[in-house]
Amino acid sequence: MDSLFELVQLVLGNIWTYGATFLAVLGILVFVHEWGHYIVARLCGVRVEVFSIGFGKEIWGWTAKSGTRWKVSLFPLGGYVKMFGDLDPASAGHSEEIEDGSGQVREMTQDERSVAFFSKSVWKRALIVFAGPAINFLFAIAILSILYMAIGRPVTPPQVTGVEIGGAAEKAGLLPQDIIKSIDGQKIVSFDEVRRFVMLRLDQEMIFQIERDGNLMDVSVTPIKMTDTDRFGFVHERGYLGVIGPANGIDMSHISAVNGQDTKGNLTLAHDLIAKNLGQDIRIKTSIDTHESELLIKPPAEMNEQISKPESEYYNALFLGVRPGNEIISYGPVGALGVAISETWSITTETLKAVGQMVTGTRSAKELGGIIRIGAIAGDMAQQGFISIVVFTALLSINLGLINLFPIPMLDGGHLLFYGVEAIRGKPISERVQEYAFRFGLVVLVSLMAFSNLNDVLQMFVFNSNS
């Protein structure tokens with residue numbers, strides 16, 4: 001239980017980082033999403049009665065000349081735009097009657113009806129609804145493009161610098177200093193892309209095209225399906241390859257054997273043995289806490305001169321790649337836009353694949369996280385710096401847009417499904433059917449929210465109670 005209290009203290013001690021970052025990012029994305037609905041509604045001639053960030057009691061707001069009430073509400077986890085003529089913000093029904101200032105109910109005038117959401121053609125209503133998710137994708141593309149133009153894109157080269165003995169990569173024949181050029185025919189430009197591919201494929205066979213000593217060759221690789229638990233206790237299933245990328249190095253004090261010779265407790269011997277074999281394949285054992293692993297590495301001599309110099313600041317650092325860390329790739333406007341679109345597409349398809357794996361049972365539903373998990377990730381990204389929080393904002397924006405397109409009543413995708421049926425039939429689905437559908441959708445959404453957040457709480461409690 002001590003670790004659970006330590007976790008609580010960690011979160012409370014960093015409430016600004018975790019809580020404020022999450023609410024700030026979420027507030028921006030909700031505003032962007034609802035603004036998409038709002039601006040297209042105005043362009044289509046619909047009067048917007050309320051634009052709210054959050055739900056519940058109004059905390060602060062003002063009424064614009066257009067008649068729209070702009071406000072911030074008590075519960076900040078979402079928002080809505082209420083169109084004129086709709087009975088509620090979800091557009092679950094409409095009324096052709098309105099209440100005047102004296103409390104009397106009357107029929108809409110022709111002019112009032114012309115600016116009501118329900119009076120617009122089916123394609124305009126569909127466009128207004130689609131605008132919310134669409135602008136989330138466009139927002140992600142925009143901020144990624146600006147990031148790549150202004151700062152550049154941090155990329156870790158897709159090079160294998162270490163292979164775990166007995167792991168999937170070694171069994172497939174991958175060797176240190178192999179460069180991964182493509183996976184299943186898709187070009188690879190960074191080690192992060194390799195990680196993402198493998199994580200999603202779980203234990204499915206993949207074809208890697210690699211470059212070794214200037215020659216191209218194809219290698220069949222089947223990752224090992226693993227279940228990890230992060231420091232918060234959240235469970236993640238992923239494909240595990242057993243390789244190290246060029247951004248990673250090894251602390252020499254953790255090496256317990258070199259080419260079969262025991263060096264535990266003898267750091268000088270470890271330095272000597274490594275120094276004699278730089279530029280060659282070396283088998284090492286590393287021990288961190290109670291975890292021991294055996295690796296095949298080929299550390300370049302030009303990057304590791306410091307291990308023979310005890311006075312060097314990096315004396316105990318063994319670099320495995322030709323150059324450590326990330327490369328920053330700069331782009332012009334067109335290049336940055338192209339990469340941002342490609343990244344958005346990849347994230348979208350990978351998310352859909354992960355959801356499909358949960359539906360089919362290939363991936364555990366324990367990975368379905370709620371507000372707590374998203375807040376934890378937001379806090380971690382904020383601690384890593386500006387670039388990480390921008391990328392996380394783009395990722396969350398894409399997911400917000402994608403989730404809203406799911407064909408569940410109450411979500412934008414559910415409305416679009418109804419409008420599609422209306423376009424085919426030539427008349428709307430009856431309000432009674434829509435009412436039952438929205439009730440069903442509400443139950444589904446509430447159940448998913450309850451499950452995901454309870455999932456987070458239980459995983460944190462069980463993990464930290466057992467730690």
# chains A, B, ... in the order shown; residues from 1 in each chain; ligands from 1
$ closest_atom_pairs --of "range 84-162 of chain A" --to "range 275-296 of chain A" --cutoff "12 Å" --atoms "only C-alpha atoms" --output "JSON lines"
{"residue": "A:Val160", "atom": "CA", "partner": "A:Leu296", "partner_atom": "CA", "distance": 10.6}
{"residue": "A:Thr161", "atom": "CA", "partner": "A:Leu296", "partner_atom": "CA", "distance": 8.7}
{"residue": "A:Gly162", "atom": "CA", "partner": "A:Leu296", "partner_atom": "CA", "distance": 5.7}
$ select_by_dssp --residues "range 150-334 of chain A" --states "strand (DSSP E)" --output "MDAnalysis selection string"
chainID A and resid 153:155 162:164 179:183 186:187 206:212 215:221 224:229 235:240 243:244 249:251 255:258 261:262 282:288 291:297 317:319 327:329
$ residues_around --residues "range 400-403 of chain A" --least-positions-apart "2" --cutoff "12 Å" --atoms "only C-alpha atoms" --output "PDB file with N, CA and C atoms, in the first residue's frame"
ATOM      1  N   VAL A  25      -5.369  21.053 -22.474  1.00  0.00           N
ATOM      2  CA  VAL A  25      -5.389  20.371 -23.769  1.00  0.00           C
ATOM      3  C   VAL A  25      -6.815  19.997 -24.148  1.00  0.00           C
ATOM      4  N   LEU A  26      -7.547  19.414 -23.197  1.00  0.00           N
ATOM      5  CA  LEU A  26      -8.924  19.011 -23.474  1.00  0.00           C
ATOM      6  C   LEU A  26      -9.787  20.221 -23.819  1.00  0.00           C
ATOM      7  N   ILE A  28      -8.899  23.076 -25.180  1.00  0.00           N
ATOM      8  CA  ILE A  28      -8.566  23.532 -26.540  1.00  0.00           C
ATOM      9  C   ILE A  28      -9.237  22.643 -27.583  1.00  0.00           C
ATOM     10  N   LEU A  29      -9.151  21.323 -27.389  1.00  0.00           N
ATOM     11  CA  LEU A  29      -9.688  20.389 -28.378  1.00  0.00           C
ATOM     12  C   LEU A  29     -11.211  20.422 -28.419  1.00  0.00           C
ATOM     13  N   VAL A  30     -11.846  20.576 -27.263  1.00  0.00           N
ATOM     14  CA  VAL A  30     -13.311  20.688 -27.236  1.00  0.00           C
ATOM     15  C   VAL A  30     -13.743  21.965 -27.952  1.00  0.00           C
ATOM     16  N   PHE A  31     -13.033  23.065 -27.682  1.00  0.00           N
ATOM     17  CA  PHE A  31     -13.357  24.319 -28.362  1.00  0.00           C
ATOM     18  C   PHE A  31     -13.226  24.159 -29.877  1.00  0.00           C
ATOM     19  N   VAL A  32     -12.129  23.557 -30.318  1.00  0.00           N
ATOM     20  CA  VAL A  32     -11.910  23.361 -31.756  1.00  0.00           C
ATOM     21  C   VAL A  32     -13.037  22.520 -32.354  1.00  0.00           C
ATOM     22  N   HIS A  33     -13.389  21.420 -31.680  1.00  0.00           N
ATOM     23  CA  HIS A  33     -14.442  20.525 -32.177  1.00  0.00           C
ATOM     24  C   HIS A  33     -15.777  21.263 -32.297  1.00  0.00           C
ATOM     25  N   GLU A  34     -16.164  21.949 -31.229  1.00  0.00           N
ATOM     26  CA  GLU A  34     -17.455  22.637 -31.244  1.00  0.00           C
ATOM     27  C   GLU A  34     -17.446  23.836 -32.183  1.00  0.00           C
ATOM     28  N   GLY A  36     -15.986  23.878 -34.996  1.00  0.00           N
ATOM     29  CA  GLY A  36     -16.254  23.309 -36.313  1.00  0.00           C
ATOM     30  C   GLY A  36     -17.750  23.229 -36.586  1.00  0.00           C
ATOM     31  N   GLY A  78     -15.828  18.165 -21.710  1.00  0.00           N
ATOM     32  CA  GLY A  78     -16.631  18.127 -22.922  1.00  0.00           C
ATOM     33  C   GLY A  78     -17.184  19.490 -23.255  1.00  0.00           C
ATOM     34  N   VAL A 129     -22.755  18.533 -38.852  1.00  0.00           N
ATOM     35  CA  VAL A 129     -22.369  17.495 -37.898  1.00  0.00           C
ATOM     36  C   VAL A 129     -20.957  16.981 -38.183  1.00  0.00           C
ATOM     37  N   PHE A 130     -20.646  16.776 -39.456  1.00  0.00           N
ATOM     38  CA  PHE A 130     -19.331  16.248 -39.845  1.00  0.00           C
ATOM     39  C   PHE A 130     -18.217  17.251 -39.558  1.00  0.00           C
ATOM     40  N   ALA A 131     -18.552  18.542 -39.527  1.00  0.00           N
ATOM     41  CA  ALA A 131     -17.532  19.579 -39.362  1.00  0.00           C
ATOM     42  C   ALA A 131     -16.774  19.453 -38.048  1.00  0.00           C
ATOM     43  N   GLY A 132     -17.442  18.977 -36.981  1.00  0.00           N
ATOM     44  CA  GLY A 132     -16.768  18.831 -35.690  1.00  0.00           C
ATOM     45  C   GLY A 132     -15.600  17.864 -35.738  1.00  0.00           C
ATOM     46  N   PRO A 133     -15.863  16.590 -36.094  1.00  0.00           N
ATOM     47  CA  PRO A 133     -14.736  15.655 -36.195  1.00  0.00           C
ATOM     48  C   PRO A 133     -13.717  16.070 -37.253  1.00  0.00           C
ATOM     49  N   ALA A 134     -14.202  16.614 -38.373  1.00  0.00           N
ATOM     50  CA  ALA A 134     -13.290  16.971 -39.460  1.00  0.00           C
ATOM     51  C   ALA A 134     -12.269  18.004 -39.015  1.00  0.00           C
ATOM     52  N   ILE A 135     -12.739  19.003 -38.237  1.00  0.00           N
ATOM     53  CA  ILE A 135     -11.805  20.057 -37.840  1.00  0.00           C
ATOM     54  C   ILE A 135     -10.802  19.547 -36.809  1.00  0.00           C
ATOM     55  N   ASN A 136     -11.148  18.484 -36.068  1.00  0.00           N
ATOM     56  CA  ASN A 136     -10.160  17.879 -35.171  1.00  0.00           C
ATOM     57  C   ASN A 136      -9.001  17.289 -35.957  1.00  0.00           C
ATOM     58  N   PHE A 137      -9.304  16.637 -37.086  1.00  0.00           N
ATOM     59  CA  PHE A 137      -8.234  16.110 -37.941  1.00  0.00           C
ATOM     60  C   PHE A 137      -7.432  17.251 -38.555  1.00  0.00           C
ATOM     61  N   LEU A 138      -8.116  18.293 -39.041  1.00  0.00           N
ATOM     62  CA  LEU A 138      -7.430  19.432 -39.645  1.00  0.00           C
ATOM     63  C   LEU A 138      -6.565  20.168 -38.630  1.00  0.00           C
ATOM     64  N   PHE A 139      -7.047  20.262 -37.392  1.00  0.00           N
ATOM     65  CA  PHE A 139      -6.279  20.921 -36.331  1.00  0.00           C
ATOM     66  C   PHE A 139      -4.991  20.151 -36.051  1.00  0.00           C
ATOM     67  N   ALA A 140      -5.094  18.824 -35.987  1.00  0.00           N
ATOM     68  CA  ALA A 140      -3.898  18.006 -35.764  1.00  0.00           C
ATOM     69  C   ALA A 140      -2.892  18.201 -36.892  1.00  0.00           C
ATOM     70  N   THR A 344      -1.058  11.801 -39.514  1.00  0.00           N
ATOM     71  CA  THR A 344      -2.467  11.759 -39.094  1.00  0.00           C
ATOM     72  C   THR A 344      -3.146  10.515 -39.631  1.00  0.00           C
ATOM     73  N   TRP A 345      -2.878  10.176 -40.876  1.00  0.00           N
ATOM     74  CA  TRP A 345      -3.456   8.973 -41.464  1.00  0.00           C
ATOM     75  C   TRP A 345      -2.972   7.714 -40.736  1.00  0.00           C
ATOM     76  N   ILE A 347      -1.819   7.407 -37.625  1.00  0.00           N
ATOM     77  CA  ILE A 347      -2.388   7.333 -36.272  1.00  0.00           C
ATOM     78  C   ILE A 347      -3.837   6.877 -36.338  1.00  0.00           C
ATOM     79  N   THR A 348      -4.583   7.388 -37.320  1.00  0.00           N
ATOM     80  CA  THR A 348      -5.990   7.012 -37.468  1.00  0.00           C
ATOM     81  C   THR A 348      -6.141   5.521 -37.759  1.00  0.00           C
ATOM     82  N   THR A 349      -5.386   5.021 -38.726  1.00  0.00           N
ATOM     83  CA  THR A 349      -5.499   3.608 -39.090  1.00  0.00           C
ATOM     84  C   THR A 349      -4.999   2.693 -37.968  1.00  0.00           C
ATOM     85  N   GLU A 350      -3.948   3.131 -37.262  1.00  0.00           N
ATOM     86  CA  GLU A 350      -3.427   2.315 -36.164  1.00  0.00           C
ATOM     87  C   GLU A 350      -4.423   2.258 -35.006  1.00  0.00           C
ATOM     88  N   THR A 351      -5.095   3.380 -34.741  1.00  0.00           N
ATOM     89  CA  THR A 351      -6.106   3.402 -33.681  1.00  0.00           C
ATOM     90  C   THR A 351      -7.267   2.482 -34.029  1.00  0.00           C
ATOM     91  N   LEU A 352      -7.720   2.544 -35.280  1.00  0.00           N
ATOM     92  CA  LEU A 352      -8.815   1.672 -35.718  1.00  0.00           C
ATOM     93  C   LEU A 352      -8.404   0.203 -35.615  1.00  0.00           C
ATOM     94  N   VAL A 355      -8.590  -0.782 -31.936  1.00  0.00           N
ATOM     95  CA  VAL A 355      -9.988  -0.953 -31.524  1.00  0.00           C
ATOM     96  C   VAL A 355     -10.542  -2.270 -32.071  1.00  0.00           C
ATOM     97  N   THR A 393      -1.159  16.604 -28.073  1.00  0.00           N
ATOM     98  CA  THR A 393      -2.382  17.336 -28.412  1.00  0.00           C
ATOM     99  C   THR A 393      -2.896  16.914 -29.782  1.00  0.00           C
ATOM    100  N   ALA A 394      -1.984  16.771 -30.748  1.00  0.00           N
ATOM    101  CA  ALA A 394      -2.379  16.316 -32.079  1.00  0.00           C
ATOM    102  C   ALA A 394      -2.964  14.908 -32.011  1.00  0.00           C
ATOM    103  N   LEU A 395      -2.308  14.032 -31.250  1.00  0.00           N
ATOM    104  CA  LEU A 395      -2.782  12.651 -31.116  1.00  0.00           C
ATOM    105  C   LEU A 395      -4.177  12.608 -30.499  1.00  0.00           C
ATOM    106  N   LEU A 396      -4.388  13.396 -29.457  1.00  0.00           N
ATOM    107  CA  LEU A 396      -5.691  13.403 -28.788  1.00  0.00           C
ATOM    108  C   LEU A 396      -6.756  14.009 -29.695  1.00  0.00           C
ATOM    109  N   SER A 397      -6.382  15.007 -30.483  1.00  0.00           N
ATOM    110  CA  SER A 397      -7.327  15.620 -31.417  1.00  0.00           C
ATOM    111  C   SER A 397      -7.778  14.616 -32.460  1.00  0.00           C
ATOM    112  N   ILE A 398      -6.848  13.841 -32.969  1.00  0.00           N
ATOM    113  CA  ILE A 398      -7.189  12.800 -33.952  1.00  0.00           C
ATOM    114  C   ILE A 398      -8.130  11.777 -33.333  1.00  0.00           C
ATOM    115  N   LEU A 405     -16.811   9.946 -34.849  1.00  0.00           N
ATOM    116  CA  LEU A 405     -17.330   9.424 -36.115  1.00  0.00           C
ATOM    117  C   LEU A 405     -17.874   8.005 -35.986  1.00  0.00           C
ATOM    118  N   PHE A 406     -17.690   7.377 -34.822  1.00  0.00           N
ATOM    119  CA  PHE A 406     -18.253   6.040 -34.635  1.00  0.00           C
ATOM    120  C   PHE A 406     -19.782   6.125 -34.734  1.00  0.00           C
ATOM    121  N   PRO A 407     -20.414   5.175 -35.415  1.00  0.00           N
ATOM    122  CA  PRO A 407     -21.868   5.244 -35.657  1.00  0.00           C
ATOM    123  C   PRO A 407     -22.705   4.870 -34.435  1.00  0.00           C
ATOM    124  N   ILE A 408     -22.493   5.597 -33.347  1.00  0.00           N
ATOM    125  CA  ILE A 408     -23.250   5.381 -32.115  1.00  0.00           C
ATOM    126  C   ILE A 408     -24.175   6.566 -31.900  1.00  0.00           C
ATOM    127  N   MET A 410     -26.020   9.567 -30.317  1.00  0.00           N
ATOM    128  CA  MET A 410     -25.490  10.569 -29.387  1.00  0.00           C
ATOM    129  C   MET A 410     -24.158  11.121 -29.888  1.00  0.00           C
ATOM    130  N   LEU A 411     -23.395  10.335 -30.663  1.00  0.00           N
ATOM    131  CA  LEU A 411     -22.164  10.835 -31.253  1.00  0.00           C
ATOM    132  C   LEU A 411     -22.459  11.386 -32.649  1.00  0.00           C
ATOM    133  N   ASP A 412     -21.514  12.161 -33.180  1.00  0.00           N
ATOM    134  CA  ASP A 412     -21.700  12.723 -34.519  1.00  0.00           C
ATOM    135  C   ASP A 412     -21.887  11.630 -35.564  1.00  0.00           C
ATOM    136  N   GLY A 413     -21.171  10.523 -35.388  1.00  0.00           N
ATOM    137  CA  GLY A 413     -21.297   9.422 -36.336  1.00  0.00           C
ATOM    138  C   GLY A 413     -22.700   8.830 -36.359  1.00  0.00           C
ATOM    139  N   GLY A 414     -23.378   8.815 -35.189  1.00  0.00           N
ATOM    140  CA  GLY A 414     -24.750   8.332 -35.130  1.00  0.00           C
ATOM    141  C   GLY A 414     -25.694   9.231 -35.909  1.00  0.00           C
ATOM    142  N   LEU A 445     -22.642   4.842 -24.232  1.00  0.00           N
ATOM    143  CA  LEU A 445     -21.580   5.791 -23.901  1.00  0.00           C
ATOM    144  C   LEU A 445     -21.297   5.840 -22.408  1.00  0.00           C
TER     145      LEU A 445
END
$ residues_around --residues "Lys353 in chain A" --least-positions-apart "4" --cutoff "12 Å" --atoms "only C-alpha atoms" --output "ChimeraX atom specification"
/A:196-197,199-202,346-349,357-360,362-363
$ select_by_dssp --residues "range 132-250 of chain A" --states "helix (DSSP H, G or I)" --output "CSV table (one decimal) with N, CA and C atoms, in the first residue's frame"
chain,number,residue,atom,x,y,z
A,132,GLY,N,-17.4,19.0,-37.0
A,132,GLY,CA,-16.8,18.8,-35.7
A,132,GLY,C,-15.6,17.9,-35.7
A,133,PRO,N,-15.9,16.6,-36.1
A,133,PRO,CA,-14.7,15.7,-36.2
A,133,PRO,C,-13.7,16.1,-37.3
A,134,ALA,N,-14.2,16.6,-38.4
A,134,ALA,CA,-13.3,17.0,-39.5
A,134,ALA,C,-12.3,18.0,-39.0
A,135,ILE,N,-12.7,19.0,-38.2
A,135,ILE,CA,-11.8,20.1,-37.8
A,135,ILE,C,-10.8,19.5,-36.8
A,136,ASN,N,-11.1,18.5,-36.1
A,136,ASN,CA,-10.2,17.9,-35.2
A,136,ASN,C,-9.0,17.3,-36.0
A,137,PHE,N,-9.3,16.6,-37.1
A,137,PHE,CA,-8.2,16.1,-37.9
A,137,PHE,C,-7.4,17.3,-38.6
A,138,LEU,N,-8.1,18.3,-39.0
A,138,LEU,CA,-7.4,19.4,-39.6
A,138,LEU,C,-6.6,20.2,-38.6
A,139,PHE,N,-7.0,20.3,-37.4
A,139,PHE,CA,-6.3,20.9,-36.3
A,139,PHE,C,-5.0,20.2,-36.1
A,140,ALA,N,-5.1,18.8,-36.0
A,140,ALA,CA,-3.9,18.0,-35.8
A,140,ALA,C,-2.9,18.2,-36.9
A,141,ILE,N,-3.4,18.2,-38.1
A,141,ILE,CA,-2.5,18.4,-39.3
A,141,ILE,C,-1.8,19.8,-39.2
A,142,ALA,N,-2.6,20.8,-38.8
A,142,ALA,CA,-2.1,22.2,-38.8
A,142,ALA,C,-1.0,22.3,-37.7
A,143,ILE,N,-1.2,21.8,-36.5
A,143,ILE,CA,-0.2,22.0,-35.5
A,143,ILE,C,1.0,21.2,-35.7
A,144,LEU,N,0.9,20.0,-36.3
A,144,LEU,CA,2.0,19.2,-36.7
A,144,LEU,C,2.8,19.8,-37.8
A,145,SER,N,2.1,20.4,-38.8
A,145,SER,CA,2.8,21.1,-39.9
A,145,SER,C,3.6,22.3,-39.3
A,146,ILE,N,3.0,23.1,-38.5
A,146,ILE,CA,3.7,24.2,-37.9
A,146,ILE,C,4.9,23.8,-37.1
A,147,LEU,N,4.7,22.7,-36.3
A,147,LEU,CA,5.8,22.2,-35.5
A,147,LEU,C,7.0,21.8,-36.4
A,148,TYR,N,6.7,21.0,-37.4
A,148,TYR,CA,7.8,20.5,-38.3
A,148,TYR,C,8.4,21.6,-39.1
A,149,MET,N,7.7,22.7,-39.4
A,149,MET,CA,8.3,23.8,-40.1
A,149,MET,C,9.2,24.7,-39.2
A,150,ALA,N,8.6,25.0,-38.0
A,150,ALA,CA,9.3,25.9,-37.0
A,150,ALA,C,10.5,25.2,-36.3
A,168,ALA,N,12.6,-12.4,-30.4
A,168,ALA,CA,12.1,-12.5,-31.8
A,168,ALA,C,13.0,-12.0,-32.8
A,169,ALA,N,13.7,-10.9,-32.6
A,169,ALA,CA,14.6,-10.4,-33.6
A,169,ALA,C,15.8,-11.3,-33.9
A,170,GLU,N,16.4,-11.9,-32.8
A,170,GLU,CA,17.5,-12.7,-33.0
A,170,GLU,C,17.1,-14.0,-33.7
A,171,LYS,N,15.9,-14.5,-33.4
A,171,LYS,CA,15.4,-15.7,-34.1
A,171,LYS,C,15.1,-15.5,-35.5
A,172,ALA,N,14.8,-14.2,-35.9
A,172,ALA,CA,14.5,-13.9,-37.3
A,172,ALA,C,15.8,-13.6,-38.0
A,191,PHE,N,12.9,5.0,-36.0
A,191,PHE,CA,12.8,3.8,-35.1
A,191,PHE,C,11.4,3.8,-34.4
A,192,ASP,N,10.8,4.9,-34.2
A,192,ASP,CA,9.5,5.0,-33.5
A,192,ASP,C,8.5,4.3,-34.4
A,193,GLU,N,8.6,4.4,-35.7
A,193,GLU,CA,7.6,3.8,-36.6
A,193,GLU,C,7.8,2.2,-36.5
A,194,VAL,N,9.0,1.8,-36.4
A,194,VAL,CA,9.2,0.3,-36.1
A,194,VAL,C,8.5,-0.1,-34.9
A,195,ARG,N,8.7,0.7,-33.8
A,195,ARG,CA,8.0,0.3,-32.5
A,195,ARG,C,6.5,0.3,-32.7
A,196,ARG,N,5.9,1.3,-33.4
A,196,ARG,CA,4.5,1.4,-33.5
A,196,ARG,C,4.0,0.2,-34.3
A,197,PHE,N,4.7,-0.2,-35.4
A,197,PHE,CA,4.3,-1.3,-36.2
A,197,PHE,C,4.2,-2.6,-35.4
A,198,VAL,N,5.3,-2.8,-34.6
A,198,VAL,CA,5.4,-4.0,-33.9
A,198,VAL,C,4.4,-4.1,-32.7
A,199,MET,N,4.2,-3.0,-32.1
A,199,MET,CA,3.3,-2.9,-30.9
A,199,MET,C,1.9,-3.3,-31.4
A,200,LEU,N,1.5,-2.9,-32.6
A,200,LEU,CA,0.1,-3.1,-33.1
A,200,LEU,C,0.0,-4.5,-33.6
A,201,ARG,N,1.0,-5.1,-34.2
A,201,ARG,CA,0.9,-6.4,-34.9
A,201,ARG,C,0.9,-7.5,-33.9
$ decode --residues "range 53-65 of chain A" --atoms "C-alpha atoms" --output "PDB file, in the first residue's frame"
ATOM      1  CA  ILE A  53     -17.161  24.565 -23.005  1.00  0.00           C
ATOM      2  CA  GLY A  54     -18.146  22.080 -20.312  1.00  0.00           C
ATOM      3  CA  PHE A  55     -21.505  20.915 -19.003  1.00  0.00           C
ATOM      4  CA  GLY A  56     -23.745  21.897 -16.121  1.00  0.00           C
ATOM      5  CA  LYS A  57     -24.042  25.259 -14.397  1.00  0.00           C
ATOM      6  CA  GLU A  58     -22.608  28.275 -16.209  1.00  0.00           C
ATOM      7  CA  ILE A  59     -19.534  29.764 -14.521  1.00  0.00           C
ATOM      8  CA  TRP A  60     -18.872  32.611 -16.925  1.00  0.00           C
ATOM      9  CA  GLY A  61     -20.215  33.743 -20.264  1.00  0.00           C
ATOM     10  CA  TRP A  62     -21.542  36.467 -22.531  1.00  0.00           C
ATOM     11  CA  THR A  63     -24.127  36.847 -25.290  1.00  0.00           C
ATOM     12  CA  ALA A  64     -22.838  37.862 -28.724  1.00  0.00           C
ATOM     13  CA  LYS A  65     -24.676  40.153 -31.141  1.00  0.00           C
TER      14      LYS A  65
END
